[in-house]
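*Asks:* Dropping in data.txt, with compact mmCIF, C-alpha atoms.
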```txt
# COMPACT_ATOMS: atom_id res chain seq x y z
CA MET A 77 27.75 38.96 42.13
CA ILE A 78 28.82 36.01 40.02
CA ARG A 79 27.00 34.40 37.12
CA VAL A 80 26.29 30.72 36.49
CA GLY A 81 25.08 30.59 32.91
CA ASP A 82 22.27 33.14 32.85
CA ILE A 83 21.78 33.00 36.63
CA PRO A 84 23.19 35.86 38.74
CA ILE A 85 24.07 34.95 42.31
CA GLY A 86 24.69 37.58 44.95
CA ALA A 87 23.24 40.47 46.89
CA GLY A 88 20.22 42.05 45.26
CA HIS A 89 19.43 38.98 43.14
CA PRO A 90 16.85 36.22 43.66
CA LEU A 91 17.63 33.31 45.96
CA VAL A 92 19.06 30.44 43.91
CA LEU A 93 18.26 26.76 44.51
CA ILE A 94 21.05 24.22 44.03
CA GLY A 95 19.99 20.61 44.34
CA GLY A 96 19.43 17.07 43.19
CA PRO A 97 20.18 13.52 44.33
CA CYS A 98 23.41 13.06 46.26
CA ALA A 99 24.86 10.62 43.73
CA ILE A 100 23.81 9.91 40.15
CA GLU A 101 21.97 6.59 39.76
CA ASP A 102 21.37 6.42 36.01
CA GLU A 103 20.35 8.68 33.12
CA LYS A 104 16.61 8.06 33.45
CA HIS A 105 16.59 8.93 37.14
CA ALA A 106 18.77 12.00 36.66
CA LEU A 107 16.49 13.38 33.94
CA MET A 108 13.38 12.66 35.98
CA THR A 109 14.66 14.41 39.10
CA ALA A 110 16.08 17.34 37.15
CA GLU A 111 12.79 17.88 35.32
CA ARG A 112 10.74 17.70 38.53
CA LEU A 113 13.00 20.04 40.47
CA ALA A 114 13.31 22.51 37.59
CA ALA A 115 9.53 22.63 37.21
CA ILE A 116 8.97 23.25 40.93
CA ALA A 117 11.59 26.00 40.96
CA ALA A 118 10.30 27.62 37.76
CA SER A 119 6.74 27.72 39.10
CA ARG A 120 8.06 29.93 41.91
CA ARG A 121 10.51 31.88 39.73
CA VAL A 122 13.46 30.46 41.65
CA PRO A 123 16.63 30.08 39.55
CA PHE A 124 17.80 26.45 39.66
CA ILE A 125 21.14 24.65 39.32
CA TYR A 126 21.10 20.84 39.19
CA LYS A 127 23.56 19.04 41.48
CA SER A 128 24.45 15.36 41.54
CA SER A 129 27.79 13.62 42.03
CA TYR A 130 29.35 11.31 39.47
CA ASP A 131 31.58 9.94 42.22
CA LYS A 132 31.30 10.19 46.01
CA ALA A 133 34.91 9.43 46.84
CA ASN A 134 34.62 10.00 50.61
CA ARG A 135 32.34 7.09 51.50
CA SER A 136 32.55 5.63 55.01
CA SER A 137 32.74 2.04 53.75
CA ILE A 138 34.42 0.39 50.78
CA ASP A 139 30.98 -1.05 49.99
CA GLY A 140 29.15 2.30 49.91
CA TYR A 141 27.55 3.41 46.63
CA ARG A 142 29.72 6.04 44.95
CA GLY A 143 27.99 6.79 41.65
CA PRO A 144 28.61 5.80 38.01
CA GLY A 145 32.10 7.28 37.80
CA LEU A 146 33.68 10.17 35.94
CA ARG A 147 33.02 9.30 32.29
CA GLU A 148 29.47 7.99 32.58
CA GLY A 149 28.52 10.54 35.20
CA LEU A 150 29.65 13.48 33.09
CA ARG A 151 27.82 12.04 30.08
CA ILE A 152 24.61 11.96 32.14
CA LEU A 153 25.12 15.48 33.48
CA LYS A 154 25.72 16.76 29.96
CA ARG A 155 22.46 15.12 28.93
CA VAL A 156 20.65 16.82 31.84
CA ARG A 157 22.16 20.17 30.91
CA GLU A 158 21.08 19.89 27.28
CA THR A 159 17.66 18.30 27.84
CA VAL A 160 16.40 20.23 30.87
CA SER A 161 18.28 23.47 30.03
CA VAL A 162 19.68 23.99 33.52
CA PRO A 163 23.25 24.58 34.70
CA VAL A 164 24.90 21.58 36.35
CA LEU A 165 27.23 21.22 39.35
CA SER A 166 29.25 18.27 40.61
CA ASP A 167 32.25 17.48 42.82
CA VAL A 168 35.83 17.10 41.68
CA HIS A 169 38.06 14.98 43.91
CA GLU A 170 41.37 14.77 42.05
CA VAL A 171 43.38 17.11 39.87
CA ASP A 172 43.07 14.84 36.83
CA GLN A 173 39.26 15.02 37.05
CA VAL A 174 39.19 18.80 36.72
CA GLU A 175 39.81 19.19 32.98
CA PRO A 176 37.15 16.72 31.76
CA ALA A 177 34.70 17.95 34.40
CA ALA A 178 35.16 21.55 33.30
CA GLU A 179 34.13 20.61 29.76
CA VAL A 180 30.64 19.72 31.04
CA LEU A 181 30.00 21.40 34.38
CA ASP A 182 28.95 24.99 34.95
CA VAL A 183 30.17 24.85 38.56
CA LEU A 184 33.08 22.82 39.93
CA GLN A 185 32.55 21.91 43.57
CA ILE A 186 35.39 21.31 46.02
CA PRO A 187 34.17 18.88 48.71
CA ALA A 188 34.54 19.92 52.34
CA PHE A 189 37.16 17.29 53.12
CA LEU A 190 39.30 18.55 50.21
CA ALA A 191 38.96 22.33 50.54
CA ARG A 192 42.52 22.67 51.84
CA GLN A 193 44.05 20.60 49.04
CA THR A 194 45.93 23.38 47.30
CA ASP A 195 46.63 21.60 44.00
CA LEU A 196 42.97 20.63 43.57
CA VAL A 197 41.71 24.12 44.43
CA LEU A 198 44.16 25.77 42.04
CA ALA A 199 43.39 23.34 39.21
CA ALA A 200 39.67 24.05 39.53
CA ALA A 201 40.27 27.79 39.69
CA ARG A 202 42.46 27.81 36.58
CA THR A 203 39.59 26.50 34.45
CA GLY A 204 37.88 29.88 34.85
CA LYS A 205 34.69 28.09 35.88
CA VAL A 206 32.66 29.03 38.93
CA VAL A 207 34.17 27.23 41.93
CA ASN A 208 31.93 26.31 44.86
CA VAL A 209 33.97 25.50 47.96
CA LYS A 210 32.35 23.61 50.82
CA LYS A 211 33.65 24.91 54.14
CA PRO A 212 35.31 21.97 55.93
CA GLN A 213 33.69 20.76 59.12
CA PHE A 214 36.95 21.54 60.92
CA VAL A 215 37.59 25.07 59.57
CA ALA A 216 36.41 28.38 61.05
CA PRO A 217 34.33 30.55 58.67
CA GLU A 218 36.87 33.39 58.66
CA ASP A 219 39.64 30.95 57.69
CA MET A 220 37.95 30.45 54.33
CA ALA A 221 39.74 33.66 53.39
CA LEU A 222 42.81 31.51 52.79
CA VAL A 223 40.93 29.30 50.32
CA VAL A 224 39.58 32.39 48.59
CA ALA A 225 43.13 33.73 48.27
CA LYS A 226 44.24 30.51 46.55
CA ILE A 227 41.46 30.79 43.97
CA ARG A 228 42.03 34.51 43.43
CA SER A 229 45.75 33.89 42.84
CA THR A 230 44.77 32.37 39.47
CA GLY A 231 42.76 35.43 38.48
CA ASN A 232 39.44 33.63 39.01
CA GLU A 233 36.90 35.68 40.99
CA ALA A 234 33.92 33.37 40.35
CA ILE A 235 33.70 31.96 43.86
CA LEU A 236 30.88 30.50 45.95
CA LEU A 237 31.36 29.63 49.63
CA THR A 238 29.14 26.99 51.20
CA GLU A 239 28.38 26.33 54.86
CA ARG A 240 27.58 22.68 55.63
CA GLY A 241 27.94 22.37 59.39
CA THR A 242 30.80 22.09 61.84
CA SER A 243 31.95 18.99 63.75
CA PHE A 244 30.34 18.89 67.17
CA GLY A 245 31.80 15.95 69.01
CA TYR A 246 31.49 12.52 67.40
CA HIS A 247 28.79 11.71 64.82
CA ASN A 248 27.24 15.16 64.93
CA LEU A 249 27.33 18.57 63.26
CA VAL A 250 26.11 21.97 64.37
CA VAL A 251 25.46 25.14 62.34
CA ASP A 252 26.65 28.47 63.70
CA MET A 253 24.56 30.99 61.80
CA ARG A 254 27.15 33.67 62.56
CA GLY A 255 29.41 31.86 60.10
CA LEU A 256 27.13 32.81 57.21
CA CYS A 257 27.67 36.48 58.06
CA ARG A 258 31.41 36.03 58.48
CA MET A 259 31.85 34.28 55.15
CA ARG A 260 29.74 36.92 53.42
CA GLU A 261 32.24 39.52 54.70
CA LEU A 262 34.84 37.87 52.43
CA GLY A 263 33.02 39.46 49.49
CA TYR A 264 31.58 36.44 47.68
CA PRO A 265 28.12 34.85 47.53
CA VAL A 266 27.34 32.45 50.37
CA VAL A 267 25.45 29.19 50.00
CA PHE A 268 23.82 27.21 52.80
CA ASP A 269 23.77 23.42 52.51
CA ALA A 270 20.72 22.51 54.57
CA THR A 271 20.92 18.76 54.02
CA HIS A 272 24.56 17.97 54.79
CA SER A 273 24.19 20.17 57.86
CA VAL A 274 21.84 17.56 59.36
CA GLN A 275 24.13 14.66 58.50
CA LEU A 276 25.33 12.43 61.35
CA PRO A 277 28.80 11.42 60.10
CA GLY A 278 29.49 7.73 60.57
CA ALA A 279 26.55 7.33 62.93
CA ARG A 280 25.36 4.09 61.31
CA GLY A 281 28.71 2.36 61.54
CA ASP A 282 29.43 1.70 57.87
CA ARG A 283 27.65 4.85 56.70
CA SER A 284 26.41 8.22 57.86
CA GLY A 285 23.01 8.88 59.36
CA GLY A 286 20.95 12.02 59.16
CA GLU A 287 18.08 13.99 60.66
CA ARG A 288 16.00 14.98 57.64
CA GLN A 289 13.28 16.43 59.83
CA PHE A 290 15.48 19.42 60.70
CA VAL A 291 16.24 20.45 57.10
CA PRO A 292 13.29 22.90 56.84
CA ALA A 293 14.12 24.60 60.15
CA LEU A 294 17.76 25.19 59.22
CA ALA A 295 16.84 26.34 55.72
CA ARG A 296 14.36 28.87 57.10
CA ALA A 297 16.91 30.14 59.63
CA ALA A 298 19.66 30.55 57.04
CA VAL A 299 17.38 32.45 54.66
CA ALA A 300 16.39 34.76 57.50
CA VAL A 301 20.06 35.42 58.32
CA GLY A 302 20.82 36.12 54.68
CA ILE A 303 22.20 33.77 52.03
CA ASP A 304 22.51 33.95 48.26
CA ALA A 305 21.74 30.32 47.42
CA LEU A 306 20.23 27.31 49.16
CA PHE A 307 21.81 23.90 48.55
CA MET A 308 19.75 20.79 49.25
CA GLU A 309 20.21 17.22 48.12
CA MET A 310 16.78 15.87 47.16
CA HIS A 311 15.29 12.56 46.07
CA GLU A 312 11.81 11.22 45.37
CA ASP A 313 12.28 8.36 47.88
CA PRO A 314 15.48 8.87 49.91
CA ASP A 315 14.85 5.81 52.10
CA ARG A 316 14.76 3.27 49.29
CA THR A 317 17.78 1.21 48.27
CA MET A 318 19.72 0.76 45.06
CA PRO A 319 18.77 -2.23 42.83
CA ASP A 320 21.64 -4.20 44.39
CA GLY A 321 20.28 -3.54 47.89
CA ARG A 322 22.80 -0.91 48.95
CA PRO A 323 21.47 2.24 50.66
CA LEU A 324 21.40 5.48 48.70
CA SER A 325 24.29 7.85 49.28
CA ASP A 326 23.28 10.23 52.11
CA GLY A 327 19.67 9.05 51.99
CA PRO A 328 18.90 9.90 55.65
CA ASN A 329 19.58 13.61 55.15
CA MET A 330 18.14 14.11 51.66
CA LEU A 331 14.88 16.08 51.41
CA ARG A 332 11.89 14.42 49.75
CA ILE A 333 11.10 16.18 46.48
CA ASP A 334 7.42 16.23 47.44
CA ASP A 335 8.34 18.40 50.44
CA LEU A 336 10.13 21.02 48.32
CA PRO A 337 7.15 23.15 47.15
CA ALA A 338 5.90 23.97 50.64
CA LEU A 339 9.42 24.65 51.89
CA LEU A 340 10.17 27.00 48.98
CA ASP A 341 6.95 28.89 49.63
CA ARG A 342 7.92 29.41 53.28
CA ILE A 343 11.50 30.48 52.67
CA LEU A 344 10.50 32.87 49.89
CA ALA A 345 7.99 34.45 52.27
CA ILE A 346 10.70 34.78 54.92
CA ARG A 347 13.12 36.32 52.43
CA ALA A 348 10.52 38.84 51.31
CA ALA A 349 9.68 39.72 54.91
CA VAL A 350 13.23 40.30 56.12
CA GLY A 351 14.51 41.79 52.86
CA THR A 352 17.69 39.66 52.64
```
What's the structure tokens form of this structure?
*Replies:*
Amino acid sequence: MIRVGDIPIGAGHPLVLIGGPCAIEDEKHALMTAERLAAIAASRRVPFIYKSSYDKANRSSIDGYRGPGLREGLRILKRVRETVSVPVLSDVHEVDQVEPAAEVLDVLQIPAFLARQTDLVLAAARTGKVVNVKKPQFVAPEDMALVVAKIRSTGNEAILLTERGTSFGYHNLVVDMRGLCRMRELGYPVVFDATHSVQLPGARGDRSGGERQFVPALARAAVAVGIDALFMEMHEDPDRTMPDGRPLSDGPNMLRIDDLPALLDRILAIRAAVGT
């Protein structure tokens, strides 16, 4: 079991929801989505951690929307944390981002493409903060033991491991549910990212596509297998564009916030039935 603020995550504790828009748009939108998601989660007694990225550094195209950047993004996340009273999580992409990010964030997330970057992993671990590592699309679940060893070498045991799909040919991902069991054997809480798992990397040429319609099915399956937290990027209108006309970051695989209540009801019923 690890603790994010007042939220315990691990075997024997309630399923935790981690979620929010893929990338921060502005303060007003971040507060609105955080308040809506927190209210939905609270009504079902689901502990909630708000996630949104201040910078999406791994965009397909130079023209893709990345977010407001480190300084403004962290200011907004701090505002969310203080106003909505929820823990906050965001990605770190470079070693020099880690220190300022750790001053605001409750959880530092290592993106899947960067999970083998030793200096970044160690810098995040040395903050003593909870570190959520996304399993790379090209790494076997059992090989995450090597990433865990890097974090543990700093004395930090506050580790989350997240499954987000494995490369399956070009422009496609597949989820091997056995991987959730194998990562859990490493001794740390396991998170399932139901929205990035339906991403179609690079499928739209200058950006990724996605199959949002399969998010509920994968979420239900993962909860039945046994996970400690469910990660989903969510937006009130994931198919709209930014004010400058650019598509939202990862819009095609984000869940509509209006679809969250029914999905939570179903997965909580599944969890109660199978006793995971």
*Asks:* If I put a ball of radius 8 Å at (44.3, 32.9, 37.0) in the file's coordinates, which residues poke into it when counting all atoms listed in the file, written as a ChimeraX atom specification?
*Replies:* /A:201-202,204,227-232
*Asks:* Identify, on the basis of only C-alpha atoms, every residue whose closest approach to Val301 (chain A) does not exceed 9 Å; exclude the query and any residue fewer than 2 positions from it along the same chain; express the result as a VMD selection string.
*Replies:* chain A and resid 253 to 254 256 to 257 296 to 299 303 350 352
*Asks:* A:Asn248, A:Ala221, A:Arg332, A:Val180: which is nearest Arg151 (chain A), counting only C-alpha atoms?
*Replies:*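 Selected residue with least distance to Arg151 (chain A): A:Val180.
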*Asks:* May I have the residues within 9 Å of Leu150 (chain A) as a compact mmCIF listing (two decimals) with C-alpha atoms, in the frame of the given file, using all atoms listed in the file and disregarding those fewer than 6 positions away in the same chain?
*Replies:*
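And here is the file that came out, result21.txt:
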```
# COMPACT_ATOMS: atom_id res chain seq x y z
CA TYR A 130 29.35 11.31 39.47
CA SER A 166 29.25 18.27 40.61
CA PRO A 176 37.15 16.72 31.76
CA ALA A 177 34.70 17.95 34.40
CA VAL A 180 30.64 19.72 31.04
CA LEU A 181 30.00 21.40 34.38
```
*Asks:* A:Met108, A:Leu93, A:Leu249, A:Leu146: which is nearest Arg120 (chain A), counting all atoms listed in the file?
*Replies:*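 Counting all atoms listed in the file, the residue closest to Arg120 (chain A) is A:Leu93.
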*Asks:* Counting all atoms listed in the file, figure out which residue out of A:Thr203, A:Ser284, A:Thr271, A:Thr317 gets nearest to Asn329 (chain A).
*Replies:*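 Distance minimum relative to Asn329 (chain A) lands on A:Thr271.
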*Asks:* Dump as CSV the rows for residues of region 114-176 of chain A within 10 Å of region 272-278 of chain A: closest atom pair and distance in Å with one decimal, all atoms listed in the file counted, ordered by chain and rising residue number.
*Replies:*
```
residue,atom,partner,partner_atom,distance
A:Arg135,CA,A:Gly278,CA,9.5
A:Ser136,CA,A:Gly278,CA,6.7
A:Ser137,CA,A:Gly278,CA,9.5
```
*Asks:* In terms of the shortest atom-to-atom distance over all atoms listed in the file, which of A:Glu287, A:Ile186, A:Gly88, A:Ser119 is closest to Asp341 (chain A)?
*Replies:*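 Ranked by minimum distance to Asp341 (chain A), first place goes to A:Ser119.
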*Asks:* Atoms are missing here; could region 206-230 of chain A be completed with N, CA, C and O atoms and written as a PDB file, keeping the file's coordinate frame?
*Replies:*
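Contents of part26.pdb, freshly written:
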```pdb
ATOM      1  N   VAL A 206      33.081  28.717  37.565  1.00  0.00           N
ATOM      2  CA  VAL A 206      32.660  29.030  38.930  1.00  0.00           C
ATOM      3  C   VAL A 206      33.110  27.881  39.833  1.00  0.00           C
ATOM      4  O   VAL A 206      32.940  26.705  39.498  1.00  0.00           O
ATOM      5  N   VAL A 207      33.711  28.225  40.970  1.00  0.00           N
ATOM      6  CA  VAL A 207      34.170  27.230  41.930  1.00  0.00           C
ATOM      7  C   VAL A 207      33.371  27.380  43.221  1.00  0.00           C
ATOM      8  O   VAL A 207      33.380  28.454  43.832  1.00  0.00           O
ATOM      9  N   ASN A 208      32.675  26.322  43.606  1.00  0.00           N
ATOM     10  CA  ASN A 208      31.930  26.310  44.860  1.00  0.00           C
ATOM     11  C   ASN A 208      32.734  25.506  45.874  1.00  0.00           C
ATOM     12  O   ASN A 208      32.969  24.303  45.688  1.00  0.00           O
ATOM     13  N   VAL A 209      33.159  26.166  46.939  1.00  0.00           N
ATOM     14  CA  VAL A 209      33.970  25.500  47.960  1.00  0.00           C
ATOM     15  C   VAL A 209      33.121  25.230  49.183  1.00  0.00           C
ATOM     16  O   VAL A 209      32.552  26.152  49.777  1.00  0.00           O
ATOM     17  N   LYS A 210      33.029  23.969  49.573  1.00  0.00           N
ATOM     18  CA  LYS A 210      32.350  23.610  50.820  1.00  0.00           C
ATOM     19  C   LYS A 210      33.300  23.893  51.984  1.00  0.00           C
ATOM     20  O   LYS A 210      34.445  23.423  51.990  1.00  0.00           O
ATOM     21  N   LYS A 211      32.824  24.648  52.956  1.00  0.00           N
ATOM     22  CA  LYS A 211      33.650  24.910  54.140  1.00  0.00           C
ATOM     23  C   LYS A 211      33.849  23.600  54.912  1.00  0.00           C
ATOM     24  O   LYS A 211      32.866  22.959  55.283  1.00  0.00           O
ATOM     25  N   PRO A 212      35.095  23.207  55.169  1.00  0.00           N
ATOM     26  CA  PRO A 212      35.310  21.970  55.930  1.00  0.00           C
ATOM     27  C   PRO A 212      34.680  22.032  57.316  1.00  0.00           C
ATOM     28  O   PRO A 212      34.564  23.107  57.918  1.00  0.00           O
ATOM     29  N   GLN A 213      34.309  20.865  57.812  1.00  0.00           N
ATOM     30  CA  GLN A 213      33.690  20.760  59.120  1.00  0.00           C
ATOM     31  C   GLN A 213      34.643  21.165  60.243  1.00  0.00           C
ATOM     32  O   GLN A 213      34.218  21.397  61.367  1.00  0.00           O
ATOM     33  N   PHE A 214      35.916  21.260  59.918  1.00  0.00           N
ATOM     34  CA  PHE A 214      36.950  21.540  60.920  1.00  0.00           C
ATOM     35  C   PHE A 214      37.607  22.906  60.722  1.00  0.00           C
ATOM     36  O   PHE A 214      38.656  23.190  61.313  1.00  0.00           O
ATOM     37  N   VAL A 215      36.996  23.764  59.898  1.00  0.00           N
ATOM     38  CA  VAL A 215      37.590  25.070  59.570  1.00  0.00           C
ATOM     39  C   VAL A 215      36.645  26.182  60.018  1.00  0.00           C
ATOM     40  O   VAL A 215      35.433  26.113  59.795  1.00  0.00           O
ATOM     41  N   ALA A 216      37.191  27.219  60.636  1.00  0.00           N
ATOM     42  CA  ALA A 216      36.410  28.380  61.050  1.00  0.00           C
ATOM     43  C   ALA A 216      35.982  29.187  59.809  1.00  0.00           C
ATOM     44  O   ALA A 216      36.724  29.243  58.824  1.00  0.00           O
ATOM     45  N   PRO A 217      34.807  29.802  59.842  1.00  0.00           N
ATOM     46  CA  PRO A 217      34.330  30.550  58.670  1.00  0.00           C
ATOM     47  C   PRO A 217      35.324  31.583  58.163  1.00  0.00           C
ATOM     48  O   PRO A 217      35.544  31.704  56.952  1.00  0.00           O
ATOM     49  N   GLU A 218      35.941  32.338  59.088  1.00  0.00           N
ATOM     50  CA  GLU A 218      36.870  33.390  58.660  1.00  0.00           C
ATOM     51  C   GLU A 218      38.123  32.828  57.995  1.00  0.00           C
ATOM     52  O   GLU A 218      38.783  33.510  57.204  1.00  0.00           O
ATOM     53  N   ASP A 219      38.454  31.561  58.290  1.00  0.00           N
ATOM     54  CA  ASP A 219      39.640  30.950  57.690  1.00  0.00           C
ATOM     55  C   ASP A 219      39.431  30.575  56.229  1.00  0.00           C
ATOM     56  O   ASP A 219      40.390  30.222  55.532  1.00  0.00           O
ATOM     57  N   MET A 220      38.199  30.668  55.755  1.00  0.00           N
ATOM     58  CA  MET A 220      37.950  30.450  54.330  1.00  0.00           C
ATOM     59  C   MET A 220      38.586  31.539  53.482  1.00  0.00           C
ATOM     60  O   MET A 220      38.715  31.396  52.264  1.00  0.00           O
ATOM     61  N   ALA A 221      39.012  32.616  54.118  1.00  0.00           N
ATOM     62  CA  ALA A 221      39.740  33.660  53.390  1.00  0.00           C
ATOM     63  C   ALA A 221      40.993  33.102  52.724  1.00  0.00           C
ATOM     64  O   ALA A 221      41.404  33.565  51.657  1.00  0.00           O
ATOM     65  N   LEU A 222      41.598  32.104  53.346  1.00  0.00           N
ATOM     66  CA  LEU A 222      42.810  31.510  52.790  1.00  0.00           C
ATOM     67  C   LEU A 222      42.495  30.694  51.536  1.00  0.00           C
ATOM     68  O   LEU A 222      43.291  30.678  50.585  1.00  0.00           O
ATOM     69  N   VAL A 223      41.347  30.033  51.521  1.00  0.00           N
ATOM     70  CA  VAL A 223      40.930  29.300  50.320  1.00  0.00           C
ATOM     71  C   VAL A 223      40.598  30.293  49.204  1.00  0.00           C
ATOM     72  O   VAL A 223      40.972  30.089  48.042  1.00  0.00           O
ATOM     73  N   VAL A 224      39.898  31.350  49.565  1.00  0.00           N
ATOM     74  CA  VAL A 224      39.580  32.390  48.590  1.00  0.00           C
ATOM     75  C   VAL A 224      40.854  32.954  47.964  1.00  0.00           C
ATOM     76  O   VAL A 224      40.932  33.159  46.748  1.00  0.00           O
ATOM     77  N   ALA A 225      41.870  33.181  48.779  1.00  0.00           N
ATOM     78  CA  ALA A 225      43.130  33.730  48.270  1.00  0.00           C
ATOM     79  C   ALA A 225      43.784  32.781  47.265  1.00  0.00           C
ATOM     80  O   ALA A 225      44.383  33.230  46.277  1.00  0.00           O
ATOM     81  N   LYS A 226      43.683  31.480  47.501  1.00  0.00           N
ATOM     82  CA  LYS A 226      44.240  30.510  46.550  1.00  0.00           C
ATOM     83  C   LYS A 226      43.537  30.620  45.201  1.00  0.00           C
ATOM     84  O   LYS A 226      44.179  30.632  44.142  1.00  0.00           O
ATOM     85  N   ILE A 227      42.215  30.698  45.232  1.00  0.00           N
ATOM     86  CA  ILE A 227      41.460  30.790  43.970  1.00  0.00           C
ATOM     87  C   ILE A 227      41.761  32.105  43.267  1.00  0.00           C
ATOM     88  O   ILE A 227      42.014  32.144  42.058  1.00  0.00           O
ATOM     89  N   ARG A 228      41.776  33.195  44.016  1.00  0.00           N
ATOM     90  CA  ARG A 228      42.030  34.510  43.430  1.00  0.00           C
ATOM     91  C   ARG A 228      43.423  34.619  42.840  1.00  0.00           C
ATOM     92  O   ARG A 228      43.656  35.412  41.915  1.00  0.00           O
ATOM     93  N   SER A 229      44.374  33.826  43.357  1.00  0.00           N
ATOM     94  CA  SER A 229      45.750  33.890  42.840  1.00  0.00           C
ATOM     95  C   SER A 229      45.820  33.481  41.375  1.00  0.00           C
ATOM     96  O   SER A 229      46.786  33.814  40.687  1.00  0.00           O
ATOM     97  N   THR A 230      44.798  32.778  40.874  1.00  0.00           N
ATOM     98  CA  THR A 230      44.770  32.370  39.470  1.00  0.00           C
ATOM     99  C   THR A 230      44.073  33.399  38.596  1.00  0.00           C
ATOM    100  O   THR A 230      43.996  33.225  37.382  1.00  0.00           O
TER     101      THR A 230
END
```
